[in-house]
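A short worksheet on the structure shown next.
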Amino acid sequence: MNKISHFIWHTIILLMLPTKVNAAEPLPNKVPIFINGNIVGLESYNIDGYTYFRLRDIAEQVGFSVIWNEKNQQIEITSNTSDVKENIPISPWEYQKMLGKGIDVDWSKTNKGIEFYNKKAVKDFKEAGVSHVRIRVSKDANEELFQHLDTQINDCLEYGLIPVLAYQADDLKNNPNENNIQKTIQWWKTVAEHYQQYSSLLSFDLVIEVTDELNKQPSILNDLYEQTVKAIRKTNPYRIVMISPRLRSDPVYLSELKIPSQHNGYIMAEWHFYASGPSKTNERKIWTTGTLEEKKLIQDKIDFALAWQESTNIPTWVGAWMAGNYNDENDYSIVEQIKFAKFVVERLEFANIPFAVNADTKFYQRETGLWIEEMYPLFEEIFKN
């Protein structure tokens, strides 16, 4: 019996045993409380002959979190999976269901992201309905990085956010020579060794959007995946690893992927569309009023992914999309963005494909720990139940 179930079992016994005192007012209970044979300083109260505990006090002693979800008016109890020693593998199809709706975060990608990271963001995201975060990383895999990244991943696991660790791999994408290939493999080897005892909820996203020179060499990309997965599997045989196709993870190119020989059945494919938002002029990602032709562009991408899933029995997810072209003209009103987002979310949910919205800084002020007021109606539209 593990620590949590052992404690809960004995807590239930305590709650069910009436004491001799019968009072309507809560009275301090001086009966000693034991957890795994040790006395702990846990306050309890006698009310009408029954023993009661404060839930947050139990959480502090045992190692789970208690969160009040203001949006859903619910209490959420989440075990601290970073403390779990026995790592039970999660199947990719089950993981796909668990991912739900997430958001890309800048916590370990830039110096500013690292500087302003705060645990409050994790709590706020969870309470707002976010299920996972895609933590983008561009730094070298060393102790300085792990000092920050460990904190972020552990905070996610504590509050019940699934962490997806995604590597930028800019040197590789700009120049896919042998030196940069080996550099990327070594990065993941180091990261995999460091996190080998972590919860299976943590997954590895090997390359963030295949772009630049690597776009033109799909055979090198497949070889990179083969070697990287082989290196990861030496320490993480059953951790979920994610691969993505070329040309900014376009699902049209999923068919070019060669599945790594040592995937062990724990692999997913990531794809993107509208990662930098729709456009009012670019025919490849046009969205004006939501015409049938514009909606078909979205549905066609989803259908490519669904067909590939069926043919390979490998689940997919969308690692990035956004409702406005924030990096370009930013010429969509909030009303227009909501209309676009509503259709995208509806079609992805119908296809049972989870997604991450790009990115947290569009909705949340990391410096102040507050939501961006004018963007919150769009956020609510995306993350509503």
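A note on labels: chains of the structure tokens are A, B, ... as shown, every chain counts residues from 1, and ligands are counted from 1 in their shown order.
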
Spatial neighbours of segment 115-129 of chain A, 6 Å, only C-alpha atoms, chain gap at least 2 places, as a ChimeraX atom specification: /A:69,107,112-113,366-367,383

Just the selected residues (N, CA and C atoms), exported as an mmCIF file, in the first residue's frame, please.
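New file part.cif:
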data_model
loop_
_atom_site.group_PDB
_atom_site.id
_atom_site.type_symbol
_atom_site.label_atom_id
_atom_site.label_comp_id
_atom_site.auth_asym_id
_atom_site.auth_seq_id
_atom_site.Cartn_x
_atom_site.Cartn_y
_atom_site.Cartn_z
ATOM 1 N N ASN A 69 -10.856 25.490 -8.033
ATOM 2 C CA ASN A 69 -11.058 25.880 -9.419
ATOM 3 C C ASN A 69 -12.223 26.850 -9.473
ATOM 4 N N TRP A 107 8.831 29.531 -20.474
ATOM 5 C CA TRP A 107 9.516 29.529 -19.180
ATOM 6 C C TRP A 107 10.999 29.182 -19.269
ATOM 7 N N LYS A 112 14.260 36.071 -20.414
ATOM 8 C CA LYS A 112 13.140 36.758 -19.772
ATOM 9 C C LYS A 112 12.135 35.749 -19.233
ATOM 10 N N GLY A 113 11.913 34.676 -19.988
ATOM 11 C CA GLY A 113 11.000 33.644 -19.523
ATOM 12 C C GLY A 113 11.477 33.004 -18.238
ATOM 13 N N ARG A 366 3.550 37.575 -17.516
ATOM 14 C CA ARG A 366 4.426 36.859 -16.588
ATOM 15 C C ARG A 366 5.055 37.789 -15.566
ATOM 16 N N GLU A 367 5.258 39.068 -15.926
ATOM 17 C CA GLU A 367 5.863 40.014 -14.987
ATOM 18 C C GLU A 367 4.965 40.286 -13.790
ATOM 19 N N PHE A 383 -10.692 27.521 -23.937
ATOM 20 C CA PHE A 383 -10.509 26.583 -22.837
ATOM 21 C C PHE A 383 -11.784 26.257 -22.060
#

Residue neighbourhood Asn358 of chain A, 9 Å, only C-alpha atoms, exclusion window fewer than 5 positions, as a ChimeraX atom specification: /A:103-105,275-277,319-323

Could you write out that same residue set with all heavy atoms as a CSV table (one decimal), in the first residue's frame?
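Output file out32.csv follows:
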chain,number,residue,atom,x,y,z
A,103,ILE,N,-1.1,24.8,-23.5
A,103,ILE,CA,-0.6,26.1,-24.0
A,103,ILE,C,0.9,26.0,-24.1
A,103,ILE,O,1.6,25.3,-23.2
A,103,ILE,CB,-1.0,27.2,-23.1
A,103,ILE,CG1,-0.8,28.6,-23.7
A,103,ILE,CG2,-0.4,27.1,-21.7
A,103,ILE,CD1,-1.6,29.7,-23.0
A,104,ASP,N,1.5,26.6,-25.1
A,104,ASP,CA,3.0,26.7,-25.2
A,104,ASP,C,3.5,27.7,-24.2
A,104,ASP,O,2.9,28.9,-24.2
A,104,ASP,CB,3.4,27.0,-26.6
A,104,ASP,CG,3.1,25.9,-27.6
A,104,ASP,OD1,2.9,24.8,-27.2
A,104,ASP,OD2,3.1,26.2,-28.8
A,105,VAL,N,4.6,27.4,-23.5
A,105,VAL,CA,5.1,28.4,-22.5
A,105,VAL,C,6.6,28.7,-22.8
A,105,VAL,O,7.3,27.9,-23.3
A,105,VAL,CB,4.9,27.9,-21.1
A,105,VAL,CG1,3.4,27.8,-20.7
A,105,VAL,CG2,5.6,26.5,-20.9
A,275,ALA,N,0.3,28.0,-36.7
A,275,ALA,CA,1.2,28.2,-35.6
A,275,ALA,C,1.5,29.7,-35.4
A,275,ALA,O,1.8,30.2,-34.3
A,275,ALA,CB,2.5,27.4,-35.7
A,276,SER,N,1.5,30.4,-36.5
A,276,SER,CA,1.7,31.9,-36.4
A,276,SER,C,0.4,32.6,-36.7
A,276,SER,O,0.4,33.8,-37.1
A,276,SER,CB,2.8,32.4,-37.3
A,276,SER,OG,2.6,32.0,-38.6
A,277,GLY,N,-0.7,31.9,-36.7
A,277,GLY,CA,-2.0,32.5,-36.9
A,277,GLY,C,-2.5,32.4,-38.4
A,277,GLY,O,-1.7,32.1,-39.3
A,319,GLY,N,0.8,20.7,-31.7
A,319,GLY,CA,1.7,21.3,-30.7
A,319,GLY,C,1.6,22.8,-30.7
A,319,GLY,O,2.1,23.4,-29.7
A,320,ALA,N,1.0,23.4,-31.7
A,320,ALA,CA,0.9,24.9,-31.7
A,320,ALA,C,-0.1,25.4,-32.8
A,320,ALA,O,-0.1,24.9,-33.9
A,320,ALA,CB,2.3,25.5,-32.0
A,321,TRP,N,-0.9,26.3,-32.4
A,321,TRP,CA,-1.8,27.1,-33.3
A,321,TRP,C,-2.2,28.3,-32.5
A,321,TRP,O,-2.1,28.4,-31.3
A,321,TRP,CB,-3.0,26.3,-33.8
A,321,TRP,CG,-4.1,26.1,-32.7
A,321,TRP,CD1,-4.1,25.0,-31.8
A,321,TRP,CD2,-5.2,26.9,-32.5
A,321,TRP,NE1,-5.2,25.1,-31.0
A,321,TRP,CE2,-5.9,26.3,-31.4
A,321,TRP,CE3,-5.7,28.0,-33.0
A,321,TRP,CZ2,-7.1,26.8,-30.9
A,321,TRP,CZ3,-6.9,28.6,-32.5
A,321,TRP,CH2,-7.6,27.9,-31.5
A,322,MET,N,-2.5,29.4,-33.2
A,322,MET,CA,-2.9,30.6,-32.6
A,322,MET,C,-4.1,31.2,-33.4
A,322,MET,O,-4.2,31.0,-34.6
A,322,MET,CB,-1.8,31.6,-32.3
A,322,MET,CG,-1.1,32.1,-33.6
A,322,MET,SD,0.0,33.5,-33.3
A,322,MET,CE,1.2,32.8,-32.2
A,323,ALA,N,-4.9,32.0,-32.7
A,323,ALA,CA,-6.1,32.5,-33.3
A,323,ALA,C,-5.9,33.9,-34.0
A,323,ALA,O,-6.7,34.3,-34.8
A,323,ALA,CB,-7.2,32.7,-32.2

Per-residue DSSP, segment 63-244 of chain A, filtered to strand (DSSP E), as an MDAnalysis selection string: chainID A and resid 64:69 74:79 101:108 132:137 162:167 203:205 241:243

Among listed residues A:Ile58, A:Leu224, A:Ile232, A:Ile286, nearest Asn179 of chain A (using only C-alpha atoms):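 Closest residue, counting only C-alpha atoms: A:Leu224.
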
For Pro28 of chain A, list every protein, DNA or RNA residue within 8 Å, evaluated using only C-alpha atoms, and leave out those in the same chain fewer than 5 positions away; present the list as an mmCIF file with all heavy atoms, in the first residue's frame.
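Contents of part-v8.cif, as written:
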data_model
loop_
_atom_site.group_PDB
_atom_site.id
_atom_site.type_symbol
_atom_site.label_atom_id
_atom_site.label_comp_id
_atom_site.auth_asym_id
_atom_site.auth_seq_id
_atom_site.Cartn_x
_atom_site.Cartn_y
_atom_site.Cartn_z
ATOM 1 N N GLU A 43 -3.555 18.932 13.017
ATOM 2 C CA GLU A 43 -4.692 19.356 13.825
ATOM 3 C C GLU A 43 -5.971 18.653 13.380
ATOM 4 O O GLU A 43 -6.201 18.474 12.184
ATOM 5 C CB GLU A 43 -4.888 20.867 13.724
ATOM 6 C CG GLU A 43 -3.772 21.677 14.357
ATOM 7 C CD GLU A 43 -4.065 23.158 14.309
ATOM 8 O OE1 GLU A 43 -5.124 23.541 13.748
ATOM 9 O OE2 GLU A 43 -3.247 23.933 14.817
ATOM 10 N N SER A 44 -6.760 18.258 14.342
ATOM 11 C CA SER A 44 -8.067 17.664 14.036
ATOM 12 C C SER A 44 -9.095 18.222 15.009
ATOM 13 O O SER A 44 -8.739 18.746 16.070
ATOM 14 C CB SER A 44 -8.010 16.141 14.129
ATOM 15 O OG SER A 44 -7.661 15.726 15.434
ATOM 16 N N TYR A 45 -10.351 18.104 14.625
ATOM 17 C CA TYR A 45 -11.415 18.711 15.427
ATOM 18 C C TYR A 45 -12.560 17.721 15.592
ATOM 19 O O TYR A 45 -12.852 16.906 14.707
ATOM 20 C CB TYR A 45 -11.934 19.984 14.741
ATOM 21 C CG TYR A 45 -10.870 21.030 14.587
ATOM 22 C CD1 TYR A 45 -10.047 21.047 13.469
ATOM 23 C CD2 TYR A 45 -10.670 21.990 15.576
ATOM 24 C CE1 TYR A 45 -9.047 21.990 13.337
ATOM 25 C CE2 TYR A 45 -9.675 22.949 15.443
ATOM 26 C CZ TYR A 45 -8.865 22.938 14.324
ATOM 27 O OH TYR A 45 -7.880 23.871 14.189
ATOM 28 N N ASN A 46 -13.215 17.804 16.752
ATOM 29 C CA ASN A 46 -14.367 16.965 17.046
ATOM 30 C C ASN A 46 -15.635 17.782 16.872
ATOM 31 O O ASN A 46 -15.799 18.832 17.497
ATOM 32 C CB ASN A 46 -14.270 16.436 18.487
ATOM 33 C CG ASN A 46 -15.379 15.450 18.792
ATOM 34 O OD1 ASN A 46 -16.525 15.847 18.925
ATOM 35 N ND2 ASN A 46 -15.030 14.195 18.907
#

Pairwise distance for atom CA of Glu178 of chain A and atom CA of Tyr225 of chain A, rounded to one decimal in Å: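 Computing it gives 13.7 Å between the two atoms.
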
Residues within 7 Å of segment 160-162 of chain A, only C-alpha atoms, excluding chain neighbours under 5 positions, as an MDAnalysis selection string: chainID A and resid 78 99 126 131:133 201:202

Take the residues from that selection and put them in a file with all heavy atoms, as an mmCIF file, in the first residue's frame.
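Okay, out-v9.cif is ready:
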data_model
loop_
_atom_site.group_PDB
_atom_site.id
_atom_site.type_symbol
_atom_site.label_atom_id
_atom_site.label_comp_id
_atom_site.auth_asym_id
_atom_site.auth_seq_id
_atom_site.Cartn_x
_atom_site.Cartn_y
_atom_site.Cartn_z
ATOM 1 N N THR A 78 -4.902 16.682 -6.499
ATOM 2 C CA THR A 78 -3.937 16.093 -7.416
ATOM 3 C C THR A 78 -2.746 15.564 -6.634
ATOM 4 O O THR A 78 -2.166 16.291 -5.823
ATOM 5 C CB THR A 78 -3.434 17.135 -8.435
ATOM 6 O OG1 THR A 78 -4.552 17.733 -9.080
ATOM 7 C CG2 THR A 78 -2.530 16.480 -9.474
ATOM 8 N N LEU A 99 -3.926 14.757 -22.555
ATOM 9 C CA LEU A 99 -3.359 16.057 -22.920
ATOM 10 C C LEU A 99 -4.405 17.162 -22.974
ATOM 11 O O LEU A 99 -4.178 18.277 -22.517
ATOM 12 C CB LEU A 99 -2.637 15.958 -24.261
ATOM 13 C CG LEU A 99 -1.253 15.320 -24.250
ATOM 14 C CD1 LEU A 99 -0.739 15.138 -25.671
ATOM 15 C CD2 LEU A 99 -0.273 16.168 -23.443
ATOM 16 N N LYS A 126 -3.812 26.041 -14.420
ATOM 17 C CA LYS A 126 -4.606 24.870 -14.055
ATOM 18 C C LYS A 126 -6.027 25.268 -13.674
ATOM 19 O O LYS A 126 -6.997 24.640 -14.103
ATOM 20 C CB LYS A 126 -3.933 24.126 -12.903
ATOM 21 C CG LYS A 126 -4.688 22.888 -12.430
ATOM 22 C CD LYS A 126 -4.784 21.839 -13.525
ATOM 23 C CE LYS A 126 -5.486 20.581 -13.024
ATOM 24 N NZ LYS A 126 -5.609 19.554 -14.077
ATOM 25 N N SER A 131 -4.772 21.898 -19.413
ATOM 26 C CA SER A 131 -4.433 20.529 -19.024
ATOM 27 C C SER A 131 -2.948 20.215 -19.141
ATOM 28 O O SER A 131 -2.434 19.361 -18.423
ATOM 29 C CB SER A 131 -5.218 19.520 -19.882
ATOM 30 O OG SER A 131 -6.600 19.649 -19.672
ATOM 31 N N HIS A 132 -2.262 20.860 -20.081
ATOM 32 C CA HIS A 132 -0.834 20.597 -20.248
ATOM 33 C C HIS A 132 -0.109 21.862 -20.699
ATOM 34 O O HIS A 132 -0.733 22.808 -21.190
ATOM 35 C CB HIS A 132 -0.601 19.468 -21.267
ATOM 36 C CG HIS A 132 -0.846 19.856 -22.687
ATOM 37 N ND1 HIS A 132 -2.070 19.699 -23.308
ATOM 38 C CD2 HIS A 132 -0.030 20.415 -23.626
ATOM 39 C CE1 HIS A 132 -1.997 20.130 -24.559
ATOM 40 N NE2 HIS A 132 -0.770 20.575 -24.778
ATOM 41 N N VAL A 133 1.197 21.865 -20.517
ATOM 42 C CA VAL A 133 2.026 22.945 -21.032
ATOM 43 C C VAL A 133 3.147 22.340 -21.869
ATOM 44 O O VAL A 133 3.718 21.313 -21.522
ATOM 45 C CB VAL A 133 2.621 23.821 -19.907
ATOM 46 C CG1 VAL A 133 1.558 24.699 -19.277
ATOM 47 C CG2 VAL A 133 3.315 22.978 -18.845
ATOM 48 N N LEU A 201 4.184 11.178 -16.870
ATOM 49 C CA LEU A 201 3.431 12.305 -17.427
ATOM 50 C C LEU A 201 4.333 13.249 -18.208
ATOM 51 O O LEU A 201 3.878 13.964 -19.100
ATOM 52 C CB LEU A 201 2.732 13.085 -16.303
ATOM 53 C CG LEU A 201 1.567 12.379 -15.617
ATOM 54 C CD1 LEU A 201 1.120 13.168 -14.397
ATOM 55 C CD2 LEU A 201 0.408 12.193 -16.584
ATOM 56 N N LEU A 202 5.611 13.264 -17.888
ATOM 57 C CA LEU A 202 6.575 14.078 -18.630
ATOM 58 C C LEU A 202 6.908 13.391 -19.951
ATOM 59 O O LEU A 202 7.291 12.226 -19.976
ATOM 60 C CB LEU A 202 7.854 14.256 -17.808
ATOM 61 C CG LEU A 202 9.036 14.946 -18.506
ATOM 62 C CD1 LEU A 202 8.700 16.396 -18.824
ATOM 63 C CD2 LEU A 202 10.304 14.847 -17.663
#

Residues flagged helix (DSSP H, G or I) by DSSP in segment 190-236 of chain A, as an NGL selection string: :A and (190-194 or 212-216 or 218-233)

Closest of A:Glu381, A:Glu193, A:Arg284, A:Val164 to Lys296 of chain A - atom-to-atom distances counting only C-alpha atoms: A:Arg284

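When atom CA of Leu297 of chain A is paired with atom CA of Leu348 of chain A, their separation reads 13.3 Å.
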
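Distances to Tyr195 of chain A were evaluated for A:Thr361, A:Asn87, A:Asn264, A:Asn111 using only C-alpha atoms, and the minimum falls at A:Asn87.
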
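Using only C-alpha atoms for every distance, the candidate list A:Ile338, A:Glu294, A:Lys97, A:Ile267 yields A:Lys97 as the residue closest to Ala351 of chain A.
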
Of the listed residues A:Ala305, A:Leu221, A:Met268, A:Val207, that which approaches Pro251 of chain A most closely, counting only C-alpha atoms: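 Closest candidate: A:Ala305.
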
Test item: residues at most 9 Å from Ile181 of chain A, only C-alpha atoms, excluding those fewer than 6 positions along its chain, as a count of residues only: 4

Residue contacts of Lys258 of chain A (9 Å, only C-alpha atoms) excluding same-chain residues fewer than 2 positions away, as a PyMOL selection string: chain A and resi 219+222-223+225-226+255-256+260-261

Among the residues A:Lys216, A:Lys339, A:Lys280, A:Arg347, the one that comes closest to Asp300 of chain A [using only C-alpha atoms]: A:Arg347
